[in-house]
Amino acid sequence: MKLNEIFKRESLFVPIIAIVLGLVLGALVMYVGGYDPILAYHSMITQIFGSTFDIGETIRTIVPLVMCGLAVAISFRAGMFNIGVDGQIIMGSLGALIVGTQIDLPPFLHGLVAILVGALFGGLWGALVGYLKASKGISEVVTSIMLNFIALYFSQLVINQFMLQEGTQRSQMIKDSASIQMSWLSNFAGGARIHWGFIIAILAVIFYQVYLNKTKWGYELRAVGHNPHAANYAGMNVSRVIVRTMFISGVFGGLVGAFDVLGVFKYVAISSTTSGLGFDGIAVSLLGGNTAIGVLLSGMLIGALTYGSQGMSFGAGVPGEIIRMVIGFIIFFVAAPGIVRLLFRPFHKKTKKES
Amino acid sequence: MDIIANLLNGSLVFSTALIFAALGGLISERSGVINIGIEGFMVSGAFFSAVTAYYAEAAGFGAMSPWIGLIGAFIFTVIFSSIHAVASIKYGANQVVSGTVINILAAGSTFFLVKMIFVGSAETPLLTNVFHKVRIPYLTDIPFVGKVFFNAYPTTYVAIALVIVLHFILFKTPSGLRLRSVGEHPNAAATVGVKVNRMRYIAVILSGSVASLGGATIVMTMNGNFAHNTIAGQGFIALAAVIIGKWNPIGAILAALLFGVAQAVKDQFQIFEFAATIPTEIFYMLPYLLTLVVLIGAGGKSRAPKALGEHYEVGKR
């Protein structure tokens with residue numbers, strides 16, 4: 001492979017070099033800080049792949065990141081910046097929790113209904129952002145920030161009033177029939193909390209790819225993202241596209257919330273802040289270039305790094321936050337490929353002379 | 001009357017941080033560079049102020065150390081703002097992406113540094129010297145107004161002075177006109193001799209430093225140290241204040257004050273008897289609901305600087 005290809009913006013090499021540079025820079029920071037970077041990365045890799053349990057838990061970390069990445073990416077493709085995934089996750093959790101605790105249904109069906117209601121809650125919460133933008137012209141950045149906080153306190157309100165586990169700071173447990181844990185796989189993976197969301201995430205990636213590139217609605221979405229005025233002139237109903245897109249984005253977010261309740265924790269804890277997963281989703285979608293396969297790969301990378309960072313603090317005494325820095329570096333290099341080019345300029349000149 | 005005066009006075013504490021952060025965001029966005037990174041700048045400001053003030057205390061600066069902390073935040077945040085500036089101005093990175101990088105990097109590196117410097121501790125040591133409320137002689141004695149405005153932390157006075165100064169610079173001086181022109185139509189500005197990129201560099205770096213004072217304020221008046229939850233979303237609320245305030249300093253501080261009042265209401269509502277029957281969460285929700293309602297009522301058609309988010313290329317028409 002010719003080195004020159006690094007300098008094509010479109011090439012796959014910019015992200016790969018960005019990842020390498022990010023890890024190297026992270027190692028440098030650790031070295032300067034008096035830590036052992038090789039031991040740190042070694043313990044990180046052990047944490048990710050060390051046992052079937054760890055692999056299972058790594059997958060569990062990756063699933064919500066991929067979903068959040070898709071949620072942010074689909075709104076980006078329609079020209080919107082959705083900071084509201086955190087709120088959509090909370091609404092999804094709430095929807096799933098209500099169905100999981102308050103309703104009696106046979107196993108499997110119960111979980112399915114809970115997931116669907118969670119997705120619907122998230123979707124409507126997202127659609128509200130879209131509606132306010134389309135009909136009132138209010139910036140989606142502002143509304144989604146406000147709705148994050150409103151969702152947080154609304155969910156606390158509902159849980160405190162109707163579903164509080166006496167004497168604790170969390171909701172009641174969902175009924176066993178609503179669980180979506182894949183127990184056979186969990187047993188195989190040493191008790192790692194793997195759930196059906198794993199399958200749904202894969203389906204979501206495929207859906208994203210097909211919807212965006214093979215359907216009329218997806219075509220409209222991309223057209224609105226490129227130029228809403230032109231899309232309007234071409235006879236597309238821009239408002240409807242915006243609301244629809246934000247609904248889908250919200251469904252992705254809502255599913256994440258539903259997975260957490262039904263597959264991982266079995267309850268919702270009353271927390272004073274949102275999960276922040278939606279903001280990680282921004283990182284995932286940016287690194288993945290807002291494409292289906294890109295989001296999948298970057299979600300896997302960021303998820304693995306995030307889970308692996310726990311191993312760094314145990315194994316090498318390095319604060320796990322170093323991985324946040326590495327993720328920041330990676331996105332920085334992807335966003336500004338000019339800097340990568342600058343760093344490689346000496347090599348670039350050499351190869352030119354040789355050829 | 002006293003209750004309301006206390007409430008408003010309390011709200012100033014919350015508002016001050018938001019005012020700094022919103023002003024920071026405004027400077028950058030007026031020059032045409034989107035600043036999603038305000039949250040990161042606030043984190044940086046909170047961290048650097050806590051650390052410099054800690055070392056200033058150790059060096060025996062006593063009551064001067066919170067001021068040294070503020071200066072530390074202002075100076076060291078340039079590390080982060082210059083990353084945003086170089087990436088988005090020189091290398092044409094997407095400004096939203098670059099701002100997000102700031103948020104991730106600021107959070108990651110400051111928490112890393114806290115654990116590194118204070119060996120394994122998740123937060124910085126509690127400072128003994130923090131800001132205390134200053135009563136301004138005579139003015140405090142004015143009924144109501146005195147109680148609300150003239151018994152506040154020094155940072156509040158700095159923030160309000162900064163709003164006035166910034167408003168004056170933006171709308172009454174040639175530099176302000178240049179800054180705004182760069183954000184509205186960089187090519188036209190360049191034609192009449194304004195150095196677009198230099199203007200934007202100054203704006204973004206200043207933006208980071210001013211926003212960092214918001215983070216520093218929280219450390220120096222409310223918390224007394226820096227921990228992972230010191231800054232939790234205030235930067236995004238400040239961003240919303242910029243947009244609600246229609247990219248105007250006065251508008252932005254009014255929005256920041258609104259959030260401050262709502263924040264104070266939720267902390268002080270217990271003193272009202274009727275409030276006891278209402279679930280707490282309703283009060284927590286109030287500021288955000290109120291904002292939405294205001295925005296829906298106002299139609300929300302706020303006009304952003306025209307060239308916001310556009311990379312400036314020489315000769316592009």
# chains A, B, ... in the order shown; residues from 1 in each chain; ligands from 1

call {"tool": "closest_atom_pairs", "arguments": {"of": "chain B", "to": "chain A", "cutoff": "6 Å", "atoms": "only C-alpha atoms", "output": "JSON lines"}}
result
{"residue": "B:Ala87", "atom": "CA", "partner": "A:Ala336", "partner_atom": "CA", "distance": 6.0}
{"residue": "B:Tyr91", "atom": "CA", "partner": "A:Ala336", "partner_atom": "CA", "distance": 5.7}
{"residue": "B:Ala93", "atom": "CA", "partner": "A:Ala336", "partner_atom": "CA", "distance": 4.9}
{"residue": "B:Val101", "atom": "CA", "partner": "A:Gly328", "partner_atom": "CA", "distance": 5.2}
{"residue": "B:Ile104", "atom": "CA", "partner": "A:Gly328", "partner_atom": "CA", "distance": 5.5}
{"residue": "B:Leu105", "atom": "CA", "partner": "A:Met325", "partner_atom": "CA", "distance": 5.1}
{"residue": "B:Gly108", "atom": "CA", "partner": "A:Arg324", "partner_atom": "CA", "distance": 4.8}
{"residue": "B:Ser109", "atom": "CA", "partner": "A:Met325", "partner_atom": "CA", "distance": 6.0}
{"residue": "B:Phe112", "atom": "CA", "partner": "A:Glu321", "partner_atom": "CA", "distance": 5.3}
{"residue": "B:Ala240", "atom": "CA", "partner": "A:Val142", "partner_atom": "CA", "distance": 5.1}
{"residue": "B:Glu281", "atom": "CA", "partner": "A:Tyr153", "partner_atom": "CA", "distance": 5.5}
{"residue": "B:Met285", "atom": "CA", "partner": "A:Ile150", "partner_atom": "CA", "distance": 5.4}
{"residue": "B:Tyr288", "atom": "CA", "partner": "A:Met146", "partner_atom": "CA", "distance": 5.1}
{"residue": "B:Gly299", "atom": "CA", "partner": "A:Lys136", "partner_atom": "CA", "distance": 5.6}
{"residue": "B:Gly300", "atom": "CA", "partner": "A:Ile138", "partner_atom": "CA", "distance": 4.8}
{"residue": "B:Lys301", "atom": "CA", "partner": "A:Gly137", "partner_atom": "CA", "distance": 5.7}

call {"tool": "closest_residue", "arguments": {"among": "A:Val295, A:Ala316, A:Val72, A:Leu21", "to": "Val205 (chain A)", "atoms": "only C-alpha atoms"}}
result
A:Val295

call {"tool": "closest_residue", "arguments": {"among": "B:Val165, B:Ile3, B:Val43, B:Ala56", "to": "Ala107 (chain B)", "atoms": "only C-alpha atoms"}}
result
B:Val43

call {"tool": "select_by_dssp", "arguments": {"residues": "region 88-236 of chain B", "states": "helix (DSSP H, G or I)", "output": "number ranges by chain"}}
result
B: 88-90, 95-117, 139-141, 145-149, 154-172, 174-184, 186-191, 196-223, 234-236

call {"tool": "select_by_dssp", "arguments": {"residues": "region 66-211 of chain B", "states": "strand (DSSP E or B)", "output": "PDB file with C-alpha atoms, in the first residue's frame"}}
result
ATOM      1  CA  VAL B 134     -18.910  41.300  50.058  1.00  0.00           C
ATOM      2  CA  ARG B 135     -21.286  43.939  51.354  1.00  0.00           C
ATOM      3  CA  ASN B 151     -24.335  41.597  49.080  1.00  0.00           C
ATOM      4  CA  ALA B 152     -22.754  39.136  46.686  1.00  0.00           C
TER       5      ALA B 152
END

call {"tool": "residues_around", "arguments": {"residues": "Leu203 (chain A)", "least_positions_apart": "5", "cutoff": "12 Å", "atoms": "only C-alpha atoms", "output": "MDAnalysis selection string"}}
result
chainID A and resid 63 66:67 70 196:198 208:211 252 292 296

call {"tool": "write_last_selection", "arguments": {"atoms": "N, CA, C and O atoms", "output": "mmCIF file, in the first residue's frame"}}
result
data_model
loop_
_atom_site.group_PDB
_atom_site.id
_atom_site.type_symbol
_atom_site.label_atom_id
_atom_site.label_comp_id
_atom_site.auth_asym_id
_atom_site.auth_seq_id
_atom_site.Cartn_x
_atom_site.Cartn_y
_atom_site.Cartn_z
ATOM 1 N N VAL A 63 -22.810 -2.559 23.129
ATOM 2 C CA VAL A 63 -24.179 -2.463 22.598
ATOM 3 C C VAL A 63 -24.791 -1.066 22.749
ATOM 4 O O VAL A 63 -25.201 -0.468 21.755
ATOM 5 N N VAL A 66 -23.055 1.562 20.437
ATOM 6 C CA VAL A 66 -23.430 1.485 19.024
ATOM 7 C C VAL A 66 -24.805 2.110 18.818
ATOM 8 O O VAL A 66 -25.019 2.900 17.894
ATOM 9 N N MET A 67 -25.745 1.768 19.708
ATOM 10 C CA MET A 67 -27.105 2.300 19.567
ATOM 11 C C MET A 67 -27.111 3.823 19.698
ATOM 12 O O MET A 67 -27.776 4.528 18.932
ATOM 13 N N LEU A 70 -25.750 5.389 16.625
ATOM 14 C CA LEU A 70 -26.738 5.434 15.537
ATOM 15 C C LEU A 70 -27.729 6.571 15.774
ATOM 16 O O LEU A 70 -28.115 7.285 14.843
ATOM 17 N N TRP A 196 -30.714 -9.705 24.939
ATOM 18 C CA TRP A 196 -31.187 -9.705 23.552
ATOM 19 C C TRP A 196 -30.884 -8.396 22.826
ATOM 20 O O TRP A 196 -30.924 -8.337 21.608
ATOM 21 N N GLY A 197 -30.570 -7.374 23.568
ATOM 22 C CA GLY A 197 -30.225 -6.105 22.949
ATOM 23 C C GLY A 197 -29.059 -6.241 21.997
ATOM 24 O O GLY A 197 -28.941 -5.491 21.017
ATOM 25 N N PHE A 198 -28.218 -7.214 22.262
ATOM 26 C CA PHE A 198 -27.078 -7.522 21.418
ATOM 27 C C PHE A 198 -27.538 -7.811 19.979
ATOM 28 O O PHE A 198 -27.011 -7.280 19.005
ATOM 29 N N TYR A 208 -30.248 0.781 9.771
ATOM 30 C CA TYR A 208 -29.709 2.114 9.487
ATOM 31 C C TYR A 208 -29.144 2.162 8.071
ATOM 32 O O TYR A 208 -29.424 3.074 7.293
ATOM 33 N N GLN A 209 -28.361 1.140 7.732
ATOM 34 C CA GLN A 209 -27.734 1.081 6.411
ATOM 35 C C GLN A 209 -28.799 1.045 5.315
ATOM 36 O O GLN A 209 -28.741 1.812 4.351
ATOM 37 N N VAL A 210 -29.789 0.167 5.478
ATOM 38 C CA VAL A 210 -30.806 -0.014 4.439
ATOM 39 C C VAL A 210 -31.706 1.220 4.354
ATOM 40 O O VAL A 210 -31.967 1.746 3.272
ATOM 41 N N TYR A 211 -32.140 1.686 5.524
ATOM 42 C CA TYR A 211 -33.069 2.824 5.560
ATOM 43 C C TYR A 211 -32.464 4.038 4.872
ATOM 44 O O TYR A 211 -33.100 4.685 4.037
ATOM 45 N N PHE A 252 -33.847 4.645 18.865
ATOM 46 C CA PHE A 252 -32.532 4.067 19.171
ATOM 47 C C PHE A 252 -32.155 4.353 20.625
ATOM 48 O O PHE A 252 -31.702 3.471 21.352
ATOM 49 N N ALA A 292 -23.208 3.401 8.775
ATOM 50 C CA ALA A 292 -23.599 2.249 9.593
ATOM 51 C C ALA A 292 -22.375 1.463 10.046
ATOM 52 O O ALA A 292 -22.179 1.211 11.239
ATOM 53 N N LEU A 296 -20.644 1.090 13.817
ATOM 54 C CA LEU A 296 -20.447 -0.230 14.425
ATOM 55 C C LEU A 296 -18.999 -0.394 14.877
ATOM 56 O O LEU A 296 -18.724 -0.759 16.023
#

call {"tool": "closest_residue", "arguments": {"among": "A:Thr215, A:Ser285, A:Thr291, A:Ser249", "to": "Gly123 (chain A)", "atoms": "only C-alpha atoms"}}
result
A:Ser249
